[in-house]
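The file protein25.cif comes next; it holds mmCIF, C-alpha atoms.
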data_target
loop_
_atom_site.label_atom_id
_atom_site.label_comp_id
_atom_site.auth_asym_id
_atom_site.auth_seq_id
_atom_site.Cartn_x
_atom_site.Cartn_y
_atom_site.Cartn_z
CA MET E 393 36.62 -2.41 -8.39
CA ILE E 394 35.85 -5.80 -9.96
CA PRO E 395 38.10 -5.18 -12.98
CA SER E 396 36.35 -7.49 -15.46
CA LEU E 397 32.90 -6.01 -14.75
CA ARG E 398 34.20 -2.43 -14.67
CA GLU E 399 35.97 -2.80 -18.00
CA LYS E 400 32.95 -4.43 -19.62
CA PHE E 401 30.59 -1.75 -18.33
CA ASN E 402 32.80 1.11 -19.47
CA ALA E 403 33.20 -0.50 -22.89
CA GLU E 404 29.42 -0.82 -23.32
CA PHE E 405 28.54 2.61 -21.91
CA SER E 406 27.42 5.45 -24.13
CA LYS E 407 25.68 8.76 -23.53
CA ASP E 408 22.76 7.62 -25.68
CA LYS E 409 22.34 4.46 -23.61
CA TYR E 410 22.45 6.50 -20.40
CA ASP E 411 19.80 8.89 -21.70
CA ALA E 412 17.60 5.93 -22.67
CA PHE E 413 18.16 4.43 -19.20
CA LEU E 414 16.95 7.65 -17.53
CA LYS E 415 14.00 7.86 -19.90
CA ASP E 416 13.00 4.30 -19.03
CA ILE E 417 12.90 5.23 -15.33
CA ALA E 418 10.90 8.39 -16.06
CA ASN E 419 8.40 6.43 -18.16
CA ASP E 420 7.30 4.28 -15.21
CA PHE E 421 5.30 7.12 -13.65
CA ASP E 422 5.70 9.91 -16.21
CA TYR E 423 8.10 11.46 -13.70
CA ALA E 424 11.86 12.06 -13.77
CA PRO E 425 13.53 11.93 -10.32
CA THR E 426 14.81 15.27 -9.09
CA PHE E 427 18.07 13.78 -7.78
CA ARG E 428 20.83 12.75 -10.17
CA ILE E 429 21.03 9.04 -10.99
CA ALA E 430 24.60 7.97 -11.71
CA GLU E 431 25.69 6.45 -14.99
CA THR E 432 27.07 3.30 -13.40
CA PRO E 433 26.71 0.80 -10.58
CA PHE E 434 29.63 0.27 -8.21
CA PHE E 435 31.12 -3.23 -8.50
CA ILE E 436 32.14 -4.35 -5.00
CA PRO E 437 34.75 -7.12 -4.57
CA ASP E 438 34.42 -9.71 -1.83
CA ASP E 439 37.24 -8.29 0.28
CA LEU E 440 35.55 -4.90 0.63
CA LYS E 441 32.13 -6.51 1.02
CA ASN E 442 33.40 -8.64 3.92
CA LYS E 443 34.87 -5.60 5.68
CA ILE E 444 31.60 -3.68 5.26
CA ILE E 445 29.60 -6.56 6.73
CA ASP E 446 32.09 -6.88 9.61
CA ALA E 447 31.64 -3.17 10.35
CA CYS E 448 27.84 -3.53 10.18
CA ASP E 449 28.01 -6.46 12.60
CA GLN E 450 29.89 -4.29 15.08
CA VAL E 451 27.27 -1.53 14.78
CA ILE E 452 24.45 -4.05 15.30
CA SER E 453 26.26 -5.51 18.32
CA PHE E 454 26.18 -2.08 19.94
CA ILE E 455 22.50 -1.54 19.08
CA GLN E 456 21.67 -4.91 20.65
CA LYS E 457 23.32 -4.08 23.98
CA PRO E 458 20.85 -4.70 26.84
CA ASP E 459 21.25 -1.10 28.01
CA PHE E 460 21.01 0.49 24.55
CA LYS E 461 17.75 2.26 25.36
CA ASP E 462 19.26 3.64 28.55
CA ILE E 463 22.31 4.86 26.64
CA THR E 464 20.16 6.63 24.04
CA GLN E 465 17.36 7.92 26.28
CA ARG E 466 18.99 11.35 26.28
CA SER E 467 18.35 11.56 22.51
CA ILE E 468 14.63 11.01 23.13
CA ASP E 469 14.56 13.56 25.95
CA LEU E 470 15.96 16.14 23.52
CA ASN E 471 13.31 15.42 20.90
CA ILE E 472 9.73 14.27 20.41
CA SER E 473 8.83 11.05 22.22
CA VAL E 474 6.26 8.86 20.48
CA PRO E 475 4.30 6.34 22.61
CA ASN E 476 4.32 2.55 22.16
CA GLU E 477 7.93 2.18 21.10
CA ASP E 478 8.76 -1.39 20.06
CA ASP E 479 11.74 -3.52 21.07
CA HIS E 480 13.94 -2.67 18.09
CA THR E 481 14.01 -0.71 14.88
CA GLN E 482 12.60 -2.32 11.74
CA PHE E 483 14.86 -0.42 9.34
CA LEU E 484 18.56 0.36 9.24
CA ALA E 485 20.64 2.40 6.82
CA ILE E 486 24.38 2.26 7.55
CA ASP E 487 26.65 4.57 5.51
CA PHE E 488 30.33 3.94 4.78
CA GLY E 489 32.89 6.00 2.93
CA VAL E 490 35.27 3.87 0.85
CA CYS E 491 38.75 4.87 2.01
CA GLU E 492 42.30 3.59 1.75
CA GLU E 493 44.74 2.63 4.52
CA ASP E 494 48.10 0.93 3.95
CA ASN E 495 47.21 0.52 0.26
CA LYS E 496 44.07 -1.44 1.17
CA LEU E 497 40.47 -0.36 0.87
CA VAL E 498 38.62 0.03 4.15
CA PRO E 499 35.05 1.21 4.90
CA LYS E 500 34.64 4.06 7.38
CA LEU E 501 31.29 4.59 9.07
CA ILE E 502 29.84 7.98 8.19
CA GLU E 503 26.48 7.69 9.90
CA ILE E 504 23.64 5.33 10.73
CA GLN E 505 19.88 5.76 10.66
CA GLY E 506 17.15 3.68 12.27
CA PHE E 507 14.86 4.85 9.50
CA PRO E 508 13.75 3.69 6.04
CA SER E 509 15.76 4.52 2.96
CA VAL E 510 14.78 4.10 -0.70
CA PHE E 511 14.09 0.37 -0.37
CA ASN E 512 11.72 0.23 -3.35
CA PHE E 513 13.64 2.50 -5.69
CA GLN E 514 16.83 0.45 -5.27
CA TYR E 515 14.90 -2.75 -6.06
CA ASN E 516 13.69 -1.24 -9.32
CA LEU E 517 16.95 0.54 -10.14
CA PHE E 518 18.78 -2.78 -10.32
CA LYS E 519 16.20 -4.08 -12.78
CA LYS E 520 16.84 -1.03 -14.98
CA TYR E 521 20.61 -1.58 -14.96
CA GLN E 522 20.00 -5.25 -15.79
CA SER E 523 17.84 -4.29 -18.73
CA PHE E 524 20.48 -2.04 -20.29
CA TYR E 525 23.52 -4.07 -19.23
CA PRO E 526 22.43 -7.76 -19.25
CA PHE E 527 25.86 -8.98 -18.08
CA THR E 528 25.11 -7.47 -14.64
CA GLU E 529 22.97 -10.58 -14.04
CA ASN E 530 26.30 -12.14 -13.03
CA ALA E 531 26.36 -9.82 -9.99
CA THR E 532 23.79 -9.02 -7.29
CA PRO E 533 22.83 -6.04 -5.11
CA TYR E 534 21.34 -8.39 -2.51
CA LEU E 535 22.82 -9.76 0.70
CA SER E 536 21.97 -12.66 3.03
CA GLY E 537 21.23 -14.97 0.11
CA LEU E 538 18.24 -12.95 -1.06
CA ASP E 539 17.09 -12.45 -4.63
CA ASP E 540 14.51 -10.05 -6.06
CA VAL E 541 11.58 -12.29 -5.07
CA SER E 542 12.64 -12.98 -1.46
CA TYR E 543 13.73 -9.35 -1.02
CA LEU E 544 10.28 -8.03 -1.93
CA GLU E 545 8.62 -10.65 0.27
CA LEU E 546 10.69 -9.56 3.27
CA LEU E 547 10.04 -5.87 2.56
CA LYS E 548 6.30 -6.57 2.41
CA LYS E 549 6.49 -8.52 5.66
CA VAL E 550 8.07 -5.55 7.43
CA ILE E 551 5.92 -2.79 5.94
CA VAL E 552 2.51 -4.40 5.40
CA LYS E 553 2.78 -7.25 7.92
CA ASP E 554 -0.53 -9.15 8.02
CA HIS E 555 -2.78 -6.21 7.11
CA LYS E 556 -4.62 -5.44 3.90
CA PRO E 557 -2.44 -3.09 1.83
CA GLU E 558 -5.14 -0.40 1.88
CA GLU E 559 -4.92 -0.37 5.70
CA VAL E 560 -1.22 0.56 5.61
CA VAL E 561 -0.13 4.03 4.52
CA LEU E 562 3.19 5.53 3.52
CA LEU E 563 3.06 8.72 5.59
CA GLU E 564 5.05 11.81 4.61
CA ILE E 565 4.94 15.61 4.61
CA GLU E 566 3.63 16.71 1.20
CA PRO E 567 4.96 13.57 -0.52
CA GLU E 568 4.54 15.13 -3.96
CA LYS E 569 7.22 17.69 -3.08
CA GLN E 570 9.77 15.26 -1.61
CA ASN E 571 13.03 14.51 -3.38
CA THR E 572 12.48 10.79 -2.79
CA LYS E 573 8.97 10.57 -4.20
CA ILE E 574 10.12 8.17 -6.94
CA ASP E 575 10.64 5.67 -4.11
CA PHE E 576 7.11 6.37 -2.87
CA TYR E 577 5.70 5.66 -6.33
CA TYR E 578 7.53 2.35 -6.57
CA CYS E 579 6.51 1.44 -3.02
CA SER E 580 2.85 2.05 -3.78
CA ARG E 581 3.11 0.04 -6.99
CA ASP E 582 5.14 -2.85 -5.52
CA LEU E 583 3.26 -3.21 -2.22
CA GLY E 584 -0.14 -1.74 -3.07
CA ILE E 585 -0.17 0.76 -0.20
CA PRO E 586 -1.38 4.37 -0.55
CA ILE E 587 0.78 7.47 -0.15
CA VAL E 588 -0.74 9.92 2.33
CA CYS E 589 0.24 13.39 3.53
CA VAL E 590 0.18 14.03 7.29
CA SER E 591 -2.28 16.88 6.71
CA GLU E 592 -4.78 14.50 5.07
CA ILE E 593 -5.15 12.26 8.13
CA ILE E 594 -8.56 12.18 9.82
CA LYS E 595 -8.77 11.40 13.55
CA GLU E 596 -11.73 9.91 15.37
CA ASN E 597 -11.03 9.25 19.04
CA ARG E 598 -7.82 7.12 18.97
CA LYS E 599 -8.28 5.93 15.39
CA LEU E 600 -6.77 7.44 12.23
CA PHE E 601 -8.32 7.40 8.77
CA TYR E 602 -7.63 8.61 5.23
CA LYS E 603 -9.89 8.99 2.22
CA ASN E 604 -9.26 6.71 -0.75
CA PRO E 605 -9.63 7.99 -4.35
CA GLU E 606 -13.37 7.16 -4.23
CA GLY E 607 -13.82 9.34 -1.14
CA ARG E 608 -14.36 6.45 1.28
CA GLU E 609 -12.76 6.70 4.72
CA ILE E 610 -10.32 3.84 5.39
CA GLN E 611 -9.03 3.14 8.88
CA ILE E 612 -5.23 3.13 9.10
CA LYS E 613 -3.95 0.06 10.94
CA ARG E 614 -0.22 0.53 10.26
CA ILE E 615 1.96 3.49 9.27
CA TYR E 616 5.08 3.18 7.12
CA ASN E 617 6.61 6.33 8.55
CA ARG E 618 8.71 8.60 6.32
CA VAL E 619 8.10 11.79 8.32
CA ILE E 620 11.21 13.54 9.65
CA PHE E 621 10.41 15.55 12.77
CA ASP E 622 12.86 18.40 12.18
CA GLU E 623 11.13 19.02 8.84
CA LEU E 624 7.70 18.75 10.48
CA GLU E 625 8.76 21.24 13.16
CA LEU E 626 9.50 23.83 10.46
CA ARG E 627 6.09 23.41 8.82
CA LYS E 628 3.98 25.58 11.10
CA ASP E 629 1.60 26.09 8.17
CA LEU E 630 0.45 22.46 8.24
CA LYS E 631 -2.76 21.68 10.11
CA LEU E 632 -2.63 18.19 11.62
CA ALA E 633 -5.65 16.40 13.08
CA PHE E 634 -3.41 14.28 15.29
CA SER E 635 -0.17 14.46 17.24
CA PHE E 636 2.65 11.92 17.04
CA GLU E 637 2.95 12.25 20.81
CA GLU E 638 -0.55 10.99 21.66
CA GLU E 639 -1.78 7.44 22.21
CA LEU E 640 -3.25 6.11 18.96
CA ASP E 641 -4.66 2.78 17.81
CA ILE E 642 -2.06 2.19 15.10
CA GLU E 643 1.09 0.13 14.50
CA TRP E 644 4.34 1.58 13.23
CA ALA E 645 6.44 0.22 10.39
CA GLY E 646 9.44 2.10 11.62
CA HIS E 647 8.58 3.57 15.02
CA PRO E 648 9.64 7.24 14.92
CA ASN E 649 11.72 7.01 18.13
CA TRP E 650 14.28 4.82 16.37
CA TYR E 651 15.18 7.64 14.00
CA THR E 652 16.28 9.55 17.10
CA ARG E 653 17.96 6.72 19.00
CA ILE E 654 19.89 5.26 16.04
CA SER E 655 21.45 8.36 14.59
CA LYS E 656 24.66 10.36 14.81
CA PHE E 657 23.94 10.33 18.54
CA ILE E 658 25.61 6.90 18.86
CA LEU E 659 28.72 7.66 16.78
CA PRO E 660 30.85 8.78 19.78
CA TYR E 661 30.25 5.37 21.40
CA LEU E 662 31.64 3.33 18.48
CA LYS E 663 35.34 2.51 18.59
CA GLY E 664 37.47 0.48 16.20
CA PRO E 665 39.14 0.48 12.78
CA TYR E 666 35.91 1.16 10.88
CA PHE E 667 34.80 4.09 13.04
CA ILE E 668 35.79 7.75 12.94
CA GLU E 669 36.64 9.90 15.94
CA SER E 670 33.39 11.63 16.89
CA LYS E 671 32.60 13.62 20.01
CA LEU E 672 29.57 15.45 21.34
CA LEU E 673 30.30 19.16 21.27
CA SER E 674 29.13 19.42 24.87
CA GLU E 675 31.83 16.96 25.98
CA ILE E 676 34.80 18.62 24.26
CA ARG E 677 36.97 20.43 26.79
CA GLU E 678 39.45 21.87 24.28
CA ILE E 679 38.60 22.66 20.66
CA PRO E 680 41.14 21.04 18.27
CA LYS E 681 43.58 23.48 16.72
CA ASP E 682 43.42 21.65 13.37
CA LEU E 683 39.72 22.28 12.73
CA GLU E 684 40.36 21.91 9.00
CA ASN E 685 40.43 18.16 9.71
CA TYR E 686 36.96 18.13 11.30
CA VAL E 687 33.34 18.53 10.30
CA LEU E 688 30.53 19.86 12.51
CA LYS E 689 27.25 17.94 12.29
CA PRO E 690 23.84 18.29 13.93
CA LEU E 691 22.78 14.99 15.48
CA PHE E 692 19.32 14.72 14.02
CA SER E 693 19.39 16.52 10.66
CA PHE E 694 18.48 14.73 7.44
CA SER E 695 20.14 14.74 4.00
CA GLY E 696 23.16 16.70 5.20
CA SER E 697 21.30 19.82 6.32
CA GLY E 698 23.18 21.94 8.83
CA VAL E 699 26.56 20.26 8.27
CA LYS E 700 29.60 22.57 8.43
CA PHE E 701 32.38 21.12 6.30
CA HIS E 702 34.80 24.04 6.70
CA VAL E 703 34.20 24.48 10.41
CA THR E 704 35.61 27.47 12.32
CA GLN E 705 35.93 28.47 15.98
CA LYS E 706 33.10 30.95 15.31
CA ASP E 707 30.81 28.15 14.05
CA ILE E 708 31.37 26.21 17.27
CA ALA E 709 30.89 29.28 19.47
CA GLU E 710 27.56 30.01 17.77
CA VAL E 711 26.13 26.58 18.59
CA LYS E 712 23.73 27.14 21.47
CA GLU E 713 22.59 23.54 22.06
CA LYS E 714 25.92 21.74 22.18
CA ASP E 715 24.21 18.48 23.17
CA LEU E 716 22.78 18.40 19.66
CA TYR E 717 26.04 18.54 17.65
CA ILE E 718 29.08 16.36 17.12
CA LEU E 719 32.56 17.26 15.96
CA GLN E 720 33.79 14.48 13.69
CA LYS E 721 37.14 13.83 12.03
CA LYS E 722 36.92 14.22 8.26
CA VAL E 723 36.96 11.09 6.16
CA HIS E 724 39.19 11.08 3.11
CA TYR E 725 37.39 9.05 0.50
CA SER E 726 39.55 7.18 -1.98
CA PRO E 727 38.59 7.71 -5.66
CA VAL E 728 38.25 4.02 -6.48
CA LEU E 729 35.70 3.92 -9.29
CA LYS E 730 37.19 4.31 -12.76
CA SER E 731 35.09 6.48 -15.05
CA PRO E 732 36.05 7.24 -18.67
CA ASP E 733 37.66 10.50 -17.55
CA GLY E 734 39.01 10.10 -14.04
CA ASN E 735 38.25 8.33 -10.79
CA VAL E 736 35.21 8.83 -8.56
CA LYS E 737 34.66 8.67 -4.78
CA VAL E 738 32.13 6.24 -3.36
CA GLU E 739 29.83 5.96 -0.36
CA VAL E 740 28.00 2.68 0.30
CA ARG E 741 24.82 2.48 2.35
CA ILE E 742 23.90 -0.98 3.61
CA LEU E 743 20.14 -1.48 3.96
CA ALA E 744 18.76 -3.82 6.60
CA LEU E 745 15.28 -5.00 7.52
CA TRP E 746 14.36 -6.25 10.97
CA PRO E 747 10.94 -7.91 11.24
CA GLU E 748 9.38 -7.43 14.65
CA ASP E 749 9.74 -11.05 15.77
CA ASP E 750 13.24 -11.65 14.40
CA PRO E 751 16.15 -11.72 16.88
CA ASN E 752 18.52 -10.02 14.40
CA PRO E 753 18.27 -7.69 11.41
CA THR E 754 18.80 -9.02 7.89
CA TYR E 755 21.15 -7.17 5.55
CA VAL E 756 19.17 -6.98 2.34
CA GLY E 757 20.68 -4.56 -0.15
CA ASN E 758 22.44 -1.27 -0.61
CA LEU E 759 22.52 2.21 -2.00
CA VAL E 760 25.61 3.87 -3.47
CA ARG E 761 26.42 7.53 -3.94
CA LEU E 762 29.19 8.67 -6.27
CA SER E 763 31.02 11.96 -5.98
CA ARG E 764 33.77 14.02 -7.60
CA GLY E 765 33.36 16.84 -5.06
CA GLU E 766 34.94 17.23 -1.65
CA MET E 767 31.78 15.79 -0.08
CA ILE E 768 29.07 13.37 -1.10
CA GLY E 769 26.02 15.45 -1.94
CA VAL E 770 24.31 17.40 -4.68
CA LYS E 771 25.77 20.83 -3.94
CA PHE E 772 29.32 19.45 -4.17
CA ASN E 773 28.68 17.71 -7.50
CA LYS E 774 26.87 20.24 -9.64
CA ASP E 775 27.57 20.05 -13.37
CA LYS E 776 29.57 16.81 -12.98
CA ASP E 777 28.97 13.43 -14.59
CA TRP E 778 29.38 9.90 -13.21
CA VAL E 779 28.07 11.14 -9.88
CA GLY E 780 24.80 10.74 -7.98
CA GLY E 781 22.69 7.88 -6.67
CA SER E 782 23.42 4.34 -7.78
CA ILE E 783 23.62 0.77 -6.50
CA GLY E 784 26.45 -1.56 -5.50
CA LEU E 785 26.77 -4.96 -7.15
CA PHE E 786 28.49 -7.82 -5.37
CA GLU E 787 30.16 -10.85 -6.92
CA LYS E 788 27.85 -13.89 -7.09
#
Turn this file's structure into structure tokens for me.
Amino acid sequence: MIPSLREKFNAEFSKDKYDAFLKDIANDFDYAPTFRIAETPFFIPDDLKNKIIDACDQVISFIQKPDFKDITQRSIDLNISVPNEDDHTQFLAIDFGVCEEDNKLVPKLIEIQGFPSVFNFQYNLFKKYQSFYPFTENATPYLSGLDDVSYLELLKKVIVKDHKPEEVVLLEIEPEKQNTKIDFYYCSRDLGIPIVCVSEIIKENRKLFYKNPEGREIQIKRIYNRVIFDELELRKDLKLAFSFEEELDIEWAGHPNWYTRISKFILPYLKGPYFIESKLLSEIREIPKDLENYVLKPLFSFSGSGVKFHVTQKDIAEVKEKDLYILQKKVHYSPVLKSPDGNVKVEVRILALWPEDDPNPTYVGNLVRLSRGEMIGVKFNKDKDWVGGSIGLFEK
């Protein structure tokens, strides 16, 4: 994408260097991530960067509408409602497929989440690429004028706020079994906060506690929430001492309601050159005859679960809760990244942080996923190289 950086990277790349790069990541916690880490960053030229930011600005403009909560209240009514919702989300992850129109690259919004992504892993992943490819110091994964120091300061401000790190917990369902636990490890190391399973929480009246490694009960003042409710709903085996739906004396770093409000639920409302035709299944009067050009998606699933890529009339007929699904036009990604043996498709996720007292979110960094399959995702890229999770680097 940035020809000089792409050519230099490809010239310096070797399988041995890639293996050493992966080993260096695994050595940090004696743990190798279970998802595939791509061989290369994605070098993003200014023209594409500017279009991505323009598209993000339009998404944010919609989220900041005075009646946004009214527009999205239906999403809360269909799901769990957690008390003490704040004025705005503190985290945003905005995904774009890199496509081509009229011989020009254009980002197309795939989905948006008012929920944390791998903010700490990406911070450390860039440092690893820098270590093995020193010339990447001439590029940056950061936005809004941030660098690695100011990025971590802002992340700490949002997650820890003014509390002691031991009073803030990263909360998840069996974190040791999650695909993103490498991010949890880096978060705990970078910010000093503990990682706690929902089943380990102790409740006394309206207060929540956890036990530290010495067995001492520590009151939780703030929760960095990584729990996805559709996953929690499936775990009937878990015994919880508290309910997300009750009044509790805690703060949220990422109030759970924003995961529901800022989701695929808002895609049908977004119109413009960066947005794809999306409609709630309940509002479609006539099913398109060219279903091969559409994908069926549940509104609130995570990591692509429940998505029907080759959707049929039967699939649509079998959906009982049509309020909970959208039919979306397929996006045709352009294979823009040049690998040693063919081109690769790219999806860029812009990461934003929104401190509670700030009037606007701050775009801070990004995540990139590379694919040779018909879709971005592990099951479409098995046994392929130059695919997986990576990071985008912008021109300085």
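For the residues E:Gly489, E:Gly646, E:Gly506, E:Pro533, ranking by smallest atom-to-atom distance to E:Glu787 using all atoms listed in the file places E:Pro533 first.
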Output check: residues returned by the PyMOL selection byres ((chain E and resi 604-615) around 10), as a PyMOL selection string: chain E and resi 551-563+586+588+593-596+599-603+616-618+641-647
Distance query 12 Å from (20.7, -8.8, 7.0) using all atoms listed in the file, result as a PyMOL selection string: chain E and resi 445-446+448-449+452+482-486+534-538+543+546-547+742-747+750-758
Spatial neighbours of E:Ile463, 10 Å, only C-alpha atoms, chain gap at least 4 places, as a count of residues only: 9
If the box runs along x, y and z of the file and leaves 5 Å on each side of stretch 491-501 of chain E, what are its centre and edge lengths in Å, one decimal, as JSON?
{"center_x": 39.7, "center_y": 1.7, "center_z": 4.7, "size_x": 26.8, "size_y": 16.3, "size_z": 18.8}
Output of the PyMOL selection byres ((chain E and resi 779) around 9), listed as a list in words: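 On the file shown, the PyMOL selection byres ((chain E and resi 779) around 9) covers Arg428, Ile429, Ala430, Glu431, Thr432, Val736, Lys737, Arg761, Leu762, Ser763, Arg764, Val770, Asn773, Lys776, Asp777, Trp778, Gly780, Gly781 and Ser782 of chain E.
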Reference answer for the PyMOL selection byres ((chain E and resi 407) around 12), as a count of residues only: 18
E:Pro425 environment, 8 Å, only C-alpha atoms, sequence neighbours closer than 4 positions dropped, as an MDAnalysis selection string: chainID E and resid 418 571:574
Atomic distance atom CA of E:Pro437 - atom CA of E:Tyr515, expressed in Å with one decimal: 20.4 Å
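Atom to atom, atom CA of E:Ile620 and atom CA of E:Ile472 stand 10.9 Å apart.
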Contact residues around E:Leu688 with all atoms listed in the file at 6 Å, ignoring same-chain residues under 6 positions, as an MDAnalysis selection string: chainID E and resid 699:700 718:719
Distance criterion (only C-alpha atoms): nearest to E:Gln720 out of E:Ile783, E:Glu503, E:Cys589, E:Phe621: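 Nearest candidate to E:Gln720 out of E:Ile783, E:Glu503, E:Cys589, E:Phe621: E:Glu503.
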Nearest to E:Thr481, chosen from E:Lys671, E:Trp650, E:Asp622, E:Tyr578, with all atoms listed in the file counted in the distances: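 Nearest candidate to E:Thr481 out of E:Lys671, E:Trp650, E:Asp622, E:Tyr578: E:Trp650.
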Separation of atom CA of E:Val510 from atom CA of E:Lys441, in Å and rounded to one decimal: 20.4 Å
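Closest approach to E:Leu662 from the set E:Ile417, E:Ala447, E:Leu785, E:Leu544 is made by E:Ala447, with distances taken over only C-alpha atoms.
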Spatial neighbours of E:Leu501, max dist 10 Å, only C-alpha atoms, sep filter under 6 positions, as a PyMOL selection string: chain E and resi 444+447-448+451+486-490+659+662+665-668+723+739-741
For E:His724: contacts at 8 Å, only C-alpha atoms, fewer than 2 positions along chain excluded, given as an MDAnalysis selection string: chainID E and resid 491 722 726
Nearest to E:Gly784 by atom-to-atom distance, counting all atoms listed in the file, from E:Val619, E:Ser670, E:Leu497, E:Leu729: E:Leu729
Nearest to E:Glu568 by atom-to-atom distance, counting only C-alpha atoms, from E:Glu625, E:Lys712, E:Thr426, E:Asp479: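 Looking at the shortest contact to E:Glu568, the residue is E:Thr426.
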Taking the partial coordinates given, rebuild stretch 754-768 of chain E to contain N, CA and C atoms; return it as a PDB file, keeping the file's coordinate frame.
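Saved to selection_8.pdb:
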ATOM      1  N   THR E 754      18.296  -8.359   9.095  1.00  0.00           N
ATOM      2  CA  THR E 754      18.800  -9.020   7.890  1.00  0.00           C
ATOM      3  C   THR E 754      19.333  -7.957   6.940  1.00  0.00           C
ATOM      4  N   TYR E 755      20.601  -8.073   6.563  1.00  0.00           N
ATOM      5  CA  TYR E 755      21.150  -7.170   5.550  1.00  0.00           C
ATOM      6  C   TYR E 755      20.544  -7.573   4.207  1.00  0.00           C
ATOM      7  N   VAL E 756      19.936  -6.615   3.538  1.00  0.00           N
ATOM      8  CA  VAL E 756      19.170  -6.980   2.340  1.00  0.00           C
ATOM      9  C   VAL E 756      19.728  -6.393   1.046  1.00  0.00           C
ATOM     10  N   GLY E 757      20.239  -5.196   1.085  1.00  0.00           N
ATOM     11  CA  GLY E 757      20.680  -4.560  -0.150  1.00  0.00           C
ATOM     12  C   GLY E 757      21.527  -3.347   0.142  1.00  0.00           C
ATOM     13  N   ASN E 758      21.561  -2.422  -0.799  1.00  0.00           N
ATOM     14  CA  ASN E 758      22.440  -1.270  -0.610  1.00  0.00           C
ATOM     15  C   ASN E 758      22.038  -0.114  -1.505  1.00  0.00           C
ATOM     16  N   LEU E 759      22.598   1.000  -1.200  1.00  0.00           N
ATOM     17  CA  LEU E 759      22.520   2.210  -2.000  1.00  0.00           C
ATOM     18  C   LEU E 759      23.934   2.740  -2.121  1.00  0.00           C
ATOM     19  N   VAL E 760      24.268   3.302  -3.258  1.00  0.00           N
ATOM     20  CA  VAL E 760      25.610   3.870  -3.470  1.00  0.00           C
ATOM     21  C   VAL E 760      25.463   5.311  -3.928  1.00  0.00           C
ATOM     22  N   ARG E 761      26.351   6.157  -3.446  1.00  0.00           N
ATOM     23  CA  ARG E 761      26.420   7.530  -3.940  1.00  0.00           C
ATOM     24  C   ARG E 761      27.832   7.802  -4.448  1.00  0.00           C
ATOM     25  N   LEU E 762      27.904   8.376  -5.625  1.00  0.00           N
ATOM     26  CA  LEU E 762      29.190   8.670  -6.270  1.00  0.00           C
ATOM     27  C   LEU E 762      29.438  10.166  -6.277  1.00  0.00           C
ATOM     28  N   SER E 763      30.704  10.542  -6.098  1.00  0.00           N
ATOM     29  CA  SER E 763      31.020  11.960  -5.980  1.00  0.00           C
ATOM     30  C   SER E 763      32.386  12.285  -6.587  1.00  0.00           C
ATOM     31  N   ARG E 764      32.480  13.455  -7.184  1.00  0.00           N
ATOM     32  CA  ARG E 764      33.770  14.020  -7.600  1.00  0.00           C
ATOM     33  C   ARG E 764      34.103  15.241  -6.750  1.00  0.00           C
ATOM     34  N   GLY E 765      33.159  15.675  -5.909  1.00  0.00           N
ATOM     35  CA  GLY E 765      33.360  16.840  -5.060  1.00  0.00           C
ATOM     36  C   GLY E 765      34.052  16.482  -3.760  1.00  0.00           C
ATOM     37  N   GLU E 766      34.261  17.482  -2.913  1.00  0.00           N
ATOM     38  CA  GLU E 766      34.940  17.230  -1.650  1.00  0.00           C
ATOM     39  C   GLU E 766      34.035  16.509  -0.655  1.00  0.00           C
ATOM     40  N   MET E 767      32.727  16.545  -0.914  1.00  0.00           N
ATOM     41  CA  MET E 767      31.780  15.790  -0.080  1.00  0.00           C
ATOM     42  C   MET E 767      30.794  15.078  -0.982  1.00  0.00           C
ATOM     43  N   ILE E 768      30.180  14.017  -0.423  1.00  0.00           N
ATOM     44  CA  ILE E 768      29.070  13.370  -1.100  1.00  0.00           C
ATOM     45  C   ILE E 768      27.870  14.283  -0.949  1.00  0.00           C
TER      46      ILE E 768
END
